[in-house]
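One structure is given below, encoded as structure tokens.
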Amino acid sequence: MSEQLLVLQGPNLNLLGSREPETYGTTTLTQIQSGLDSLASDLGVVLHHFQANGEGALIDRIHLAMDQGLDGIVFNPGGYTHTSVALRDALVGVAIPFVEVHLSNVHARESFRHRSLLAPVAVGQVCGFGAFSYTLGLQALVQELRAGG
Ligand code: DQA
């Protein structure tokens with residue numbers, strides 16, 4: 001049976017395409033989602049997409065992923081990466097493997113972006129490749145799940 005994965009997008013990522021294009025590029029969130037859908041069909045997995053600007057909505061969606069029995073999460077937590085104990089607790093609580101993804105290279109930016117509260121409990125982190133970070137993150141997560149990781 002195909003793995004089912006959640007592609008979760010945090011605050012301000014609904015603005016992709018117009019938001020700080022010099023940092024995040026000009027690809028819109030809809031374009032990223034449809035690119036991932038084609039990759040998913042090649043890989044034989046099914047994606048569920050969700051974006052929210054609030055921490056509570058993201059946490060509720062993570063809980064729902066557990067109820068739905070989803071197999072993994074590709075997550076760009078946006079600014080919550082650097083601040084959210086509650087999102088980390090939710091991810092640990094549902095025990096669903098996830099990959100943390102960022103368009104920008106957070107380690108080459110302001111020092112407050114260098115720390116991720118989520119990366120230590122993630123399978124891994126991909127950052128710095130623009131929209132291609134999501135492609136890499138999805139491929140890596142599927143490979144990890146299939147390797148039994
Ligand atoms: C981001 C990096 C975060 O530091 C920032 O707050 C974002 C986007 C990225 O994809 O590069 O909102 O997650």
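Please note that chains go A, B, ... in the order of the structure tokens, that every chain numbers its residues from 1, and that ligands are numbered from 1 in the order shown.
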Compile a residue-level contact table for chain A against ligand 1 at a cut-off of 7 Å, reporting for every qualifying residue the shortest atom pair and its distance in Å to one decimal, with only C-alpha atoms and all ligand atoms counted, rows ordered by chain and ascending number, as a Markdown table.
| residue | atom | partner | partner_atom_place_in_ligand_line | distance |
| --- | --- | --- | --- | --- |
| A:Pro11 | CA | ligand 1 | 12 (O) | 6.3 |
| A:Asn12 | CA | ligand 1 | 12 (O) | 6.0 |
| A:Leu13 | CA | ligand 1 | 12 (O) | 6.5 |
| A:Tyr24 | CA | ligand 1 | 11 (O) | 6.6 |
| A:Asn76 | CA | ligand 1 | 13 (O) | 5.5 |
| A:Pro77 | CA | ligand 1 | 13 (O) | 5.7 |
| A:Gly78 | CA | ligand 1 | 13 (O) | 3.4 |
| A:Gly79 | CA | ligand 1 | 6 (O) | 3.2 |
| A:Tyr80 | CA | ligand 1 | 6 (O) | 6.9 |
| A:Thr81 | CA | ligand 1 | 3 (C) | 6.8 |
| A:Val101 | CA | ligand 1 | 10 (O) | 6.6 |
| A:His102 | CA | ligand 1 | 10 (O) | 3.4 |
| A:Leu103 | CA | ligand 1 | 10 (O) | 3.8 |
| A:Ser104 | CA | ligand 1 | 11 (O) | 3.7 |
| A:Asn105 | CA | ligand 1 | 11 (O) | 6.4 |
| A:Val106 | CA | ligand 1 | 4 (O) | 5.8 |
| A:Arg113 | CA | ligand 1 | 4 (O) | 5.2 |
| A:Cys127 | CA | ligand 1 | 11 (O) | 6.9 |
Would you export the selected residues with all heavy atoms as a CSV table (one decimal), in the first residue's frame, please?
chain,number,residue,atom,x,y,z
A,11,PRO,N,3.9,29.4,9.1
A,11,PRO,CA,3.4,30.8,8.9
A,11,PRO,C,4.2,31.5,7.8
A,11,PRO,O,5.4,31.3,7.6
A,11,PRO,CB,3.8,31.5,10.3
A,11,PRO,CG,4.7,30.6,10.9
A,11,PRO,CD,4.4,29.2,10.4
A,12,ASN,N,3.4,32.3,7.1
A,12,ASN,CA,3.8,33.2,6.0
A,12,ASN,C,4.2,32.4,4.7
A,12,ASN,O,4.5,33.1,3.7
A,12,ASN,CB,5.0,34.0,6.5
A,12,ASN,CG,4.7,34.8,7.7
A,12,ASN,OD1,3.7,35.6,7.6
A,12,ASN,ND2,5.4,34.7,8.7
A,13,LEU,N,4.2,31.1,4.7
A,13,LEU,CA,4.5,30.4,3.5
A,13,LEU,C,3.4,30.5,2.4
A,13,LEU,O,3.6,30.2,1.3
A,13,LEU,CB,4.9,28.9,3.8
A,13,LEU,CG,6.2,28.9,4.7
A,13,LEU,CD1,6.4,27.5,5.2
A,13,LEU,CD2,7.4,29.4,3.9
A,24,TYR,N,13.5,33.9,-0.8
A,24,TYR,CA,12.6,32.7,-0.9
A,24,TYR,C,12.3,32.3,-2.4
A,24,TYR,O,11.6,31.3,-2.6
A,24,TYR,CB,11.4,32.9,-0.1
A,24,TYR,CG,11.6,33.1,1.4
A,24,TYR,CD1,11.3,34.2,2.1
A,24,TYR,CD2,12.3,32.1,2.1
A,24,TYR,CE1,11.6,34.4,3.4
A,24,TYR,CE2,12.6,32.3,3.5
A,24,TYR,CZ,12.2,33.5,4.1
A,24,TYR,OH,12.6,33.6,5.4
A,76,ASN,N,7.9,22.5,6.7
A,76,ASN,CA,8.6,23.7,6.8
A,76,ASN,C,7.9,24.6,7.9
A,76,ASN,O,6.8,25.1,7.7
A,76,ASN,CB,8.6,24.5,5.5
A,76,ASN,CG,9.4,25.8,5.6
A,76,ASN,OD1,9.7,26.2,6.7
A,76,ASN,ND2,9.7,26.4,4.4
A,77,PRO,N,8.5,24.6,9.1
A,77,PRO,CA,7.8,25.3,10.2
A,77,PRO,C,7.9,26.8,10.2
A,77,PRO,O,7.4,27.5,11.1
A,77,PRO,CB,8.5,24.7,11.4
A,77,PRO,CG,9.4,23.6,10.9
A,77,PRO,CD,9.7,24.0,9.5
A,78,GLY,N,8.6,27.4,9.2
A,78,GLY,CA,8.8,28.8,9.1
A,78,GLY,C,9.4,29.3,10.4
A,78,GLY,O,10.3,28.7,11.0
A,79,GLY,N,9.0,30.5,10.8
A,79,GLY,CA,9.6,31.1,12.0
A,79,GLY,C,9.4,30.3,13.3
A,79,GLY,O,10.2,30.5,14.2
A,80,TYR,N,8.4,29.4,13.3
A,80,TYR,CA,8.2,28.6,14.5
A,80,TYR,C,9.4,27.6,14.7
A,80,TYR,O,9.6,27.1,15.8
A,80,TYR,CB,6.9,27.8,14.5
A,80,TYR,CG,5.7,28.6,14.7
A,80,TYR,CD1,4.6,28.5,13.8
A,80,TYR,CD2,5.6,29.6,15.7
A,80,TYR,CE1,3.4,29.3,14.0
A,80,TYR,CE2,4.5,30.4,15.8
A,80,TYR,CZ,3.4,30.2,15.0
A,80,TYR,OH,2.3,31.0,15.1
A,81,THR,N,10.1,27.4,13.7
A,81,THR,CA,11.3,26.5,13.8
A,81,THR,C,12.2,26.9,15.0
A,81,THR,O,12.7,26.0,15.7
A,81,THR,CB,12.2,26.7,12.5
A,81,THR,OG1,11.4,26.5,11.4
A,81,THR,CG2,13.4,25.8,12.5
A,101,VAL,N,12.3,21.2,6.5
A,101,VAL,CA,12.7,21.7,5.2
A,101,VAL,C,12.6,23.3,5.3
A,101,VAL,O,11.7,23.8,5.9
A,101,VAL,CB,11.7,21.3,4.1
A,101,VAL,CG1,11.8,22.1,2.9
A,101,VAL,CG2,11.9,19.8,3.8
A,102,HIS,N,13.6,23.9,4.7
A,102,HIS,CA,13.6,25.3,4.6
A,102,HIS,C,14.1,25.7,3.2
A,102,HIS,O,15.0,25.1,2.6
A,102,HIS,CB,14.6,26.0,5.6
A,102,HIS,CG,14.3,25.7,7.0
A,102,HIS,ND1,13.2,26.3,7.7
A,102,HIS,CD2,14.8,24.8,7.9
A,102,HIS,CE1,13.1,25.8,8.9
A,102,HIS,NE2,14.1,24.9,9.0
A,103,LEU,N,13.5,26.7,2.6
A,103,LEU,CA,13.9,27.2,1.3
A,103,LEU,C,15.3,27.9,1.4
A,103,LEU,O,16.2,27.6,0.6
A,103,LEU,CB,12.9,28.3,0.8
A,103,LEU,CG,11.5,27.7,0.5
A,103,LEU,CD1,10.5,28.5,1.3
A,103,LEU,CD2,11.2,27.8,-1.0
A,104,SER,N,15.5,28.7,2.5
A,104,SER,CA,16.7,29.4,2.6
A,104,SER,C,17.7,28.6,3.4
A,104,SER,O,17.3,27.7,4.2
A,104,SER,CB,16.5,30.8,3.3
A,104,SER,OG,16.0,30.6,4.6
A,105,ASN,N,19.0,29.0,3.4
A,105,ASN,CA,20.0,28.4,4.2
A,105,ASN,C,20.0,29.1,5.6
A,105,ASN,O,20.6,30.2,5.7
A,105,ASN,CB,21.4,28.5,3.6
A,105,ASN,CG,22.4,27.8,4.5
A,105,ASN,OD1,22.2,27.4,5.6
A,105,ASN,ND2,23.7,27.8,4.0
A,106,VAL,N,19.2,28.6,6.5
A,106,VAL,CA,19.0,29.3,7.8
A,106,VAL,C,20.3,29.5,8.5
A,106,VAL,O,20.4,30.4,9.3
A,106,VAL,CB,18.0,28.5,8.7
A,106,VAL,CG1,16.6,28.7,8.1
A,106,VAL,CG2,18.3,27.0,8.8
A,113,ARG,N,18.2,32.4,13.6
A,113,ARG,CA,17.7,31.3,12.7
A,113,ARG,C,18.6,30.1,12.7
A,113,ARG,O,18.3,29.1,12.1
A,113,ARG,CB,17.6,31.8,11.3
A,113,ARG,CG,16.6,32.9,11.1
A,113,ARG,CD,16.4,33.3,9.6
A,113,ARG,NE,15.9,34.6,9.5
A,113,ARG,CZ,14.6,34.9,9.5
A,113,ARG,NH1,13.7,34.0,9.7
A,113,ARG,NH2,14.2,36.2,9.4
A,127,CYS,N,18.0,22.4,3.9
A,127,CYS,CA,17.8,23.8,3.8
A,127,CYS,C,18.7,24.4,2.7
A,127,CYS,O,19.8,23.9,2.4
A,127,CYS,CB,18.0,24.5,5.1
A,127,CYS,SG,19.7,24.6,5.7
Chain A: residues DSSP assigns to helix (DSSP H, G or I), reported as a ChimeraX atom specification: /A:13-15,21-24,29-43,55-68,78-82,85-94,106-108,111-113,119-121,132-146
Asp42 (chain A): which residues within 12 Å, counting only C-alpha atoms, same-chain residues fewer than 3 positions away excluded, as a ChimeraX atom specification? /A:2,35-39,45-46,138-139,142
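Atom pair CA of Asn53 (chain A) / CA of Glu3 (chain A): separated by 26.5 Å.
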Gap from CA of Glu22 (chain A) to CA of Ser116 (chain A) - Å, one decimal: 22.4 Å
According to DSSP computed on the backbone, where in region 40-112 of chain A is there strand (DSSP E)? Give the residues as a ChimeraX atom specification. /A:46-51,72-76,98-102
Saved selection, atoms kept: N, CA and C atoms, as a CSV table (one decimal), in the first residue's frame:
chain,number,residue,atom,x,y,z
A,46,VAL,N,1.2,9.1,-1.5
A,46,VAL,CA,0.1,10.1,-1.6
A,46,VAL,C,0.3,11.2,-0.6
A,47,LEU,N,0.1,12.5,-1.0
A,47,LEU,CA,0.4,13.6,-0.2
A,47,LEU,C,-0.9,14.3,0.3
A,48,HIS,N,-0.9,14.8,1.5
A,48,HIS,CA,-1.9,15.7,2.0
A,48,HIS,C,-1.2,17.0,2.3
A,49,HIS,N,-1.8,18.1,1.7
A,49,HIS,CA,-1.1,19.4,1.9
A,49,HIS,C,-1.9,20.2,2.9
A,50,PHE,N,-1.2,21.0,3.8
A,50,PHE,CA,-1.8,21.9,4.7
A,50,PHE,C,-0.9,23.0,5.1
A,51,GLN,N,-1.4,24.2,5.1
A,51,GLN,CA,-0.7,25.4,5.5
A,51,GLN,C,-1.5,26.2,6.5
A,72,GLY,N,4.4,9.9,7.5
A,72,GLY,CA,5.5,10.8,7.6
A,72,GLY,C,5.1,12.2,7.3
A,73,ILE,N,6.0,13.2,7.7
A,73,ILE,CA,5.6,14.6,7.5
A,73,ILE,C,6.9,15.3,6.9
A,74,VAL,N,6.6,16.1,5.8
A,74,VAL,CA,7.6,17.0,5.3
A,74,VAL,C,7.2,18.4,5.8
A,75,PHE,N,8.0,19.0,6.7
A,75,PHE,CA,7.5,20.2,7.4
A,75,PHE,C,8.5,21.3,7.3
A,76,ASN,N,7.9,22.5,6.7
A,76,ASN,CA,8.6,23.7,6.8
A,76,ASN,C,7.9,24.6,7.9
A,98,PHE,N,9.6,12.8,10.6
A,98,PHE,CA,9.4,14.0,9.8
A,98,PHE,C,10.8,14.6,9.4
A,99,VAL,N,10.8,15.3,8.2
A,99,VAL,CA,11.9,16.0,7.7
A,99,VAL,C,11.6,17.5,7.8
A,100,GLU,N,12.6,18.2,8.3
A,100,GLU,CA,12.4,19.7,8.4
A,100,GLU,C,13.0,20.3,7.1
A,101,VAL,N,12.3,21.2,6.5
A,101,VAL,CA,12.7,21.7,5.2
A,101,VAL,C,12.6,23.3,5.3
A,102,HIS,N,13.6,23.9,4.7
A,102,HIS,CA,13.6,25.3,4.6
A,102,HIS,C,14.1,25.7,3.2
Between A:Ala57, A:Val121, A:Val85, A:Ala140, single out the one closest to Leu8 (chain A), counting only C-alpha atoms. A:Ala57
Work out how far CA of Val7 (chain A) is from CA of Glu110 (chain A), in Å to one decimal.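 Interatomic distance here is 25.9 Å.
If only C-alpha atoms are the atoms counted, then among A:Ala147, A:Tyr134, A:Gln9, A:Gln4 the closest residue to Asp71 (chain A) is A:Gln4.
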I'd like the contact shell of Thr26 (chain A) - 7 Å cut-off, only C-alpha atoms, skipping same-chain residues fewer than 3 positions apart - returned as a PyMOL selection string. chain A and resi 16-18+21
Which polymer residues have any atom within 12 Å of an atom of Asp67 (chain A), counting only C-alpha atoms, with same-chain residues fewer than 6 positions away left out, as a CSV table (one decimal) with N, CA and C atoms, in the first residue's frame?
chain,number,residue,atom,x,y,z
A,60,ASP,N,-2.9,21.0,15.7
A,60,ASP,CA,-4.1,20.2,15.5
A,60,ASP,C,-3.9,19.3,14.2
A,61,ARG,N,-3.3,19.9,13.2
A,61,ARG,CA,-3.1,19.1,12.0
A,61,ARG,C,-2.1,17.9,12.2
A,94,VAL,N,3.2,12.5,18.6
A,94,VAL,CA,2.6,11.6,17.6
A,94,VAL,C,3.6,10.6,17.1
A,95,ALA,N,4.8,10.8,17.3
A,95,ALA,CA,5.9,9.9,16.9
A,95,ALA,C,5.8,9.5,15.4
A,96,ILE,N,5.5,10.5,14.6
A,96,ILE,CA,5.6,10.4,13.1
A,96,ILE,C,6.9,10.9,12.6
A:Leu58, A:Thr135, A:Ala108, A:Leu70: which is nearest Arg88 (chain A), counting only C-alpha atoms?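 Ranked by minimum distance to Arg88 (chain A), first place goes to A:Leu58.
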